[in-house]
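File shown: run.cif. Contents: mmCIF, C-alpha atoms.
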```cif
data_run
loop_
_atom_site.label_atom_id
_atom_site.label_comp_id
_atom_site.auth_asym_id
_atom_site.auth_seq_id
_atom_site.Cartn_x
_atom_site.Cartn_y
_atom_site.Cartn_z
CA MET A 630 -10.79 -139.69 112.27
CA GLU A 631 -9.97 -138.78 108.68
CA MET A 632 -11.89 -141.85 107.46
CA LEU A 633 -14.83 -140.77 109.58
CA ARG A 634 -14.81 -137.26 108.10
CA GLU A 635 -14.69 -138.71 104.59
CA GLU A 636 -17.71 -140.90 105.27
CA VAL A 637 -19.66 -137.97 106.71
CA GLU A 638 -18.97 -135.90 103.59
CA LYS A 639 -20.00 -138.80 101.33
CA VAL A 640 -23.26 -139.21 103.20
CA LYS A 641 -24.02 -135.48 103.05
CA ALA A 642 -23.54 -135.59 99.29
CA GLN A 643 -25.75 -138.66 98.95
CA LEU A 644 -28.62 -137.08 100.89
CA ARG A 645 -28.39 -133.59 99.47
CA ASP A 646 -30.68 -134.00 96.45
CA LEU A 647 -33.10 -136.57 97.84
CA PRO A 648 -36.74 -135.70 98.67
CA LEU A 649 -36.35 -136.29 102.42
CA LYS A 650 -38.60 -134.71 105.04
CA ILE A 651 -37.00 -132.76 107.89
CA VAL A 652 -39.09 -132.51 111.07
CA THR A 653 -38.62 -131.65 114.73
CA GLY A 654 -37.14 -134.99 115.67
CA HIS A 655 -36.50 -136.71 118.97
CA GLY A 656 -32.94 -137.61 117.99
CA ASP A 657 -32.77 -140.77 120.11
CA PHE A 658 -36.14 -142.34 119.38
CA LYS A 659 -35.76 -145.86 120.78
CA PRO A 660 -37.83 -148.14 123.03
CA ALA A 661 -35.74 -147.20 126.08
CA ASN A 662 -36.95 -143.61 125.70
CA LEU A 663 -40.64 -144.50 125.70
CA MET A 664 -42.59 -144.87 128.93
CA ALA A 665 -46.09 -146.32 129.27
CA SER A 666 -48.59 -146.37 132.10
CA HIS A 667 -49.35 -149.75 133.73
CA ASP A 668 -52.56 -150.17 131.75
CA GLY A 669 -50.91 -149.03 128.51
CA SER A 670 -53.37 -146.19 128.02
CA THR A 671 -50.71 -143.46 128.14
CA VAL A 672 -47.34 -143.33 126.37
CA VAL A 673 -44.83 -140.51 126.80
CA PHE A 674 -41.40 -139.76 125.33
CA VAL A 675 -38.38 -138.98 127.52
CA ASP A 676 -34.76 -137.86 127.01
CA PHE A 677 -34.93 -134.97 124.55
CA GLU A 678 -31.22 -134.16 124.83
CA LEU A 679 -30.66 -134.74 121.09
CA SER A 680 -33.96 -133.32 119.84
CA GLY A 681 -34.12 -130.74 117.06
CA PRO A 682 -34.43 -130.52 113.25
CA ASN A 683 -33.73 -133.96 111.81
CA TYR A 684 -34.78 -136.34 109.07
CA ARG A 685 -38.00 -138.13 109.97
CA GLY A 686 -36.63 -141.36 108.49
CA PHE A 687 -33.77 -141.29 110.98
CA ASP A 688 -36.10 -141.12 113.98
CA ILE A 689 -38.45 -143.81 112.72
CA PHE A 690 -35.73 -146.29 111.80
CA LYS A 691 -33.96 -145.89 115.13
CA LEU A 692 -37.13 -147.05 116.89
CA TYR A 693 -36.92 -150.40 115.08
CA ARG A 694 -33.15 -150.86 114.87
CA ARG A 695 -31.70 -154.01 116.40
CA GLY A 696 -28.19 -155.05 117.45
CA GLN A 697 -27.74 -152.24 119.96
CA LEU A 698 -25.00 -154.02 121.91
CA PRO A 699 -22.05 -156.23 121.00
CA THR A 700 -23.28 -159.64 122.12
CA LYS A 701 -21.81 -163.00 123.06
CA LYS A 702 -23.11 -166.50 122.55
CA SER A 703 -25.22 -167.63 125.45
CA ASN A 704 -23.47 -171.01 125.80
CA ASN A 705 -19.90 -169.73 126.18
CA ASP A 706 -17.74 -166.63 126.28
CA ASN A 707 -16.73 -166.67 122.61
CA GLN A 708 -17.84 -163.81 120.39
CA ASN A 709 -20.45 -164.52 117.75
CA THR A 710 -19.30 -165.11 114.20
CA LYS A 711 -19.67 -162.29 111.66
CA GLU A 712 -22.71 -164.04 110.16
CA GLU A 713 -24.36 -164.30 113.59
CA GLU A 714 -23.64 -160.65 114.35
CA ASP A 715 -25.17 -159.65 111.01
CA GLU A 716 -28.29 -161.67 111.81
CA LEU A 717 -28.65 -159.97 115.20
CA CYS A 718 -28.84 -156.57 113.49
CA LEU A 719 -31.50 -157.54 110.96
CA PRO A 720 -35.16 -156.82 111.78
CA THR A 721 -37.31 -159.90 112.18
CA ASN A 722 -40.28 -160.47 109.88
CA ASN A 723 -42.59 -159.43 112.71
CA GLU A 724 -40.63 -156.20 113.20
CA LYS A 725 -40.85 -155.47 109.48
CA LEU A 726 -44.62 -155.87 109.71
CA GLU A 727 -44.75 -153.61 112.77
CA LEU A 728 -42.63 -151.02 110.95
CA ARG A 729 -45.08 -150.96 108.06
CA LYS A 730 -47.98 -150.58 110.52
CA PHE A 731 -46.17 -147.70 112.22
CA VAL A 732 -45.53 -146.00 108.86
CA SER A 733 -49.21 -146.38 107.96
CA SER A 734 -50.33 -144.91 111.31
CA TYR A 735 -47.81 -142.08 110.98
CA LEU A 736 -49.07 -141.10 107.52
CA SER A 737 -52.71 -141.36 108.63
CA ALA A 738 -52.02 -139.05 111.58
CA LEU A 739 -50.38 -136.54 109.24
CA LYS A 740 -53.47 -136.51 107.04
CA ILE A 741 -55.80 -136.08 109.99
CA ASN A 742 -53.79 -133.20 111.42
CA SER A 743 -53.52 -131.57 108.01
CA ASN A 744 -57.27 -131.80 107.60
CA LYS A 745 -57.89 -130.32 111.05
CA ASN A 746 -55.55 -127.42 110.32
CA SER A 747 -57.38 -126.74 107.08
CA GLU A 748 -60.69 -126.65 108.95
CA CYS A 749 -59.34 -124.22 111.56
CA ALA A 750 -58.09 -121.92 108.81
CA SER A 751 -61.49 -121.78 107.15
CA SER A 752 -63.56 -118.68 107.87
CA SER A 753 -66.81 -120.12 106.61
CA SER A 754 -68.98 -122.22 108.92
CA SER A 755 -70.58 -123.91 105.93
CA SER A 756 -67.22 -125.03 104.61
CA LEU A 757 -66.39 -126.33 108.09
CA SER A 758 -69.49 -128.50 108.21
CA SER A 759 -68.95 -129.86 104.72
CA SER A 760 -65.30 -130.67 105.29
CA SER A 761 -65.96 -132.39 108.60
CA SER A 762 -67.90 -135.12 106.86
CA SER A 763 -64.81 -136.08 104.85
CA SER A 764 -62.26 -135.67 107.63
CA SER A 765 -60.50 -138.25 109.80
CA PRO A 766 -59.06 -140.41 107.02
CA SER A 767 -58.10 -143.94 107.98
CA SER A 768 -55.10 -145.95 106.88
CA SER A 769 -57.32 -147.48 104.20
CA SER A 770 -57.26 -144.10 102.39
CA LEU A 771 -53.48 -144.32 102.03
CA SER A 772 -52.08 -145.51 98.75
CA PRO A 773 -49.42 -148.24 98.61
CA ARG A 774 -47.22 -145.65 96.91
CA GLU A 775 -47.32 -143.39 99.97
CA GLU A 776 -46.43 -146.21 102.34
CA ASN A 777 -43.68 -147.60 100.11
CA LYS A 778 -42.17 -144.17 99.66
CA LEU A 779 -41.89 -143.55 103.40
CA LEU A 780 -40.65 -147.10 104.00
CA ALA A 781 -37.82 -146.55 101.50
CA GLU A 782 -37.07 -143.23 103.20
CA VAL A 783 -36.92 -144.93 106.61
CA LEU A 784 -34.81 -147.91 105.54
CA LEU A 785 -32.34 -145.60 103.84
CA PHE A 786 -31.39 -144.24 107.26
CA GLU A 787 -30.21 -147.48 108.85
CA PRO A 788 -26.51 -146.71 108.12
CA LEU A 789 -26.94 -143.15 109.38
CA THR A 790 -28.22 -144.33 112.75
CA TRP A 791 -25.00 -146.33 113.16
CA LEU A 792 -22.74 -143.51 111.92
CA GLU A 793 -24.34 -140.95 114.23
CA ALA A 794 -23.97 -143.29 117.20
CA SER A 795 -20.32 -143.97 116.40
CA ILE A 796 -19.59 -140.23 116.39
CA PHE A 797 -21.55 -139.77 119.62
CA PHE A 798 -19.51 -142.42 121.44
CA LEU A 799 -16.23 -141.00 120.13
CA PHE A 800 -17.15 -137.68 121.74
CA ALA A 801 -18.11 -139.51 124.94
CA LEU A 802 -14.68 -141.14 124.91
CA THR A 803 -12.96 -137.73 125.01
CA GLU A 804 -15.23 -136.47 127.81
CA ASP A 805 -15.20 -139.50 130.11
CA GLU A 806 -11.68 -140.86 130.50
CA GLU A 807 -12.71 -143.20 133.30
CA HIS A 808 -14.81 -145.31 130.92
CA GLN A 809 -12.74 -144.99 127.75
CA GLN A 810 -12.77 -148.71 126.98
CA LYS A 811 -16.56 -148.85 127.18
CA TRP A 812 -17.04 -145.88 124.84
CA SER A 813 -14.33 -147.16 122.50
CA ASP A 814 -15.99 -150.58 122.18
CA LEU A 815 -19.38 -148.99 121.49
CA ALA A 816 -17.94 -146.58 118.91
CA ILE A 817 -16.18 -149.44 117.09
CA HIS A 818 -19.32 -151.60 117.15
CA ARG A 819 -21.42 -148.78 115.65
CA TRP A 820 -18.75 -148.00 113.04
CA GLU A 821 -18.55 -151.64 111.94
CA ASN A 822 -22.32 -151.77 111.54
CA TYR A 823 -22.24 -148.56 109.52
CA MET A 824 -19.61 -150.00 107.19
CA LYS A 825 -21.64 -153.21 106.76
CA SER A 826 -24.85 -151.33 105.95
CA LYS A 827 -23.73 -148.16 104.14
CA ASN A 828 -24.53 -149.54 100.67
CA LYS A 829 -28.21 -149.39 101.66
CA ILE A 830 -28.09 -145.62 101.28
CA ASN A 831 -27.65 -145.84 97.51
CA PHE A 832 -30.01 -148.79 97.20
CA TYR A 833 -32.93 -147.14 98.98
CA ALA A 834 -32.16 -143.75 97.47
CA SER A 835 -32.67 -145.39 94.08
CA GLU A 836 -35.90 -147.02 95.28
CA LEU A 837 -37.12 -143.70 96.65
CA MET A 838 -36.48 -141.87 93.37
CA LYS A 839 -38.32 -144.58 91.44
CA ILE A 840 -41.39 -144.07 93.63
CA GLU A 841 -41.04 -140.28 93.56
#
```
Could you quickly redo this structure as C-alpha cells?
Amino acid sequence: MEMLREEVEKVKAQLRDLPLKIVTGHGDFKPANLMASHDGSTVVFVDFELSGPNYRGFDIFKLYRRGQLPTKKSNNDNQNTKEEEDELCLPTNNEKLELRKFVSSYLSALKINSNKNSECASSSSSSLSSSSSSSSPSSSSLSPREENKLLAEVLLFEPLTWLEASIFFLFALTEDEEHQQKWSDLAIHRWENYMKSKNKINFYASELMKIE
C-alpha cells in the first residue's frame, strides 16, 4: 500500500502544472457502458456510479483501452508471455485511427456548442443572423495542432486508467471477502499494466507542452 501511495503522489505532482481540461466525466467510459438501439440510431450511456469532475483525457482513453482482462492462450492453459500480454494491451492501428476520428468529432462538437451558446447570449437579432451563416463548423475547420494536442492529452492518461482501476479493485477486495481472489487478481493485473505504462505520463506531458 505504501508503494501505491507513493505512485499516487508522483502522478499528482506530474499532472499539477499541465494544461489539462477537467469536465463532468463519466468515470467508467467503456464500451460495456454504452447501449445502442437495434438500428444504431440511438446511443445512451449507463452506469454513472463514478461520474463527476474528472480529466477529459481519462474518460476518452478508457473508451479505447485494451487488455481489460488477464488472458490465456487459446490453444492451452498456459499464461501468455510478457511480450504477448504487452501486445494485447496495445491499441491496433484501426483503433488508433478510430481514436483520432473520435477526438476530431469531440472537438468539432465543442466548437458547435460554443457557437450556439454565443448565439443564445447575443441580444441583437442582426448579430444572430450574421453569426448563423458561419456556425456549425466541421472537422475540416480543426487544425492539426488542436487534434494533436488533445491526442497527447488522451494518451497521457493510459497509465492513470490502470492505476485508478487497481485502487478500485483493492477497495472491492476489502468489501467483498467472498470474492477476494478475483478482486486481488484484477488489482494486480491493473497495477502491473500501470507499472509497464507509467513512463508514458512524462513522454506525453512533454509532447503536450511542445504543442502548447
re atom CA of A:Val732 and atom CA of A:Leu779: distance 7.0 Å
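Within 9 Å of A:Asp688, once all atoms listed in the file are used and residues closer than 5 positions along the same chain are dropped, the contacting residues are Gly654, His655, Gly656, Asp657, Phe658, Lys659, Asn683, Val783, Phe786 and Thr790 of chain A.
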**Prompt:** Using the chain letters and numbers from the file, which residues does the PyMOL selection byres ((chain A and resi 774) around 12) grab, as number ranges by chain?
**Reply:** A: 733, 736, 770-773, 775-781, 836-841
Inset, instruction - Measuring atom to atom with all atoms listed in the file, identify which of A:Ile741, A:Leu792, A:Leu785, A:Met632 is nearest to A:Asn828. - result: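 When distances to A:Asn828 are compared using all atoms listed in the file, the smallest one comes from A:Leu785.
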Practice problem: May I ask which of the residues A:Lys691, A:Asn723, A:Leu649, A:Ala816 is the closest one to A:Ala661, counting only C-alpha atoms? | Solution: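 For A:Ala661, the nearest of the given residues is A:Lys691.
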Residue with smallest distance to A:Arg695 - pool A:Asp668, A:Asp814, A:Glu787, A:Glu636, counting all atoms listed in the file:
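Result for the nearest residue to A:Arg695: A:Glu787.
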Atom CA of A:Phe798 sits from atom CA of A:Tyr693 at a separation of 20.2 Å
The distance between atom CA of A:Ile830 and atom CA of A:Leu728 is 18.3 Å
message: Taking only C-alpha atoms into account, name the residue in A:Leu739, A:Leu692, A:Ala642, A:Leu802 that is nearest to A:Glu724.
response: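 Closest to A:Glu724 of all the choices is A:Leu692.
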*Pick from A:Glu631, A:Glu638, A:Asp646, A:Glu793 nearest to A:Leu679, counting all atoms listed in the file*: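 The closest residue to A:Leu679 is A:Glu793.
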Of A:Gly681, A:Gly669, A:Pro660, A:Gly686, the one nearest to A:Leu644 when counting only C-alpha atoms is A:Gly686
Please enumerate the residues selected by the PyMOL selection byres ((chain A and resi 817) around 10) when evaluated against the supplied file, formatted as a ChimeraX atom specification.
/A:699,794-796,798-799,812-816,818-823
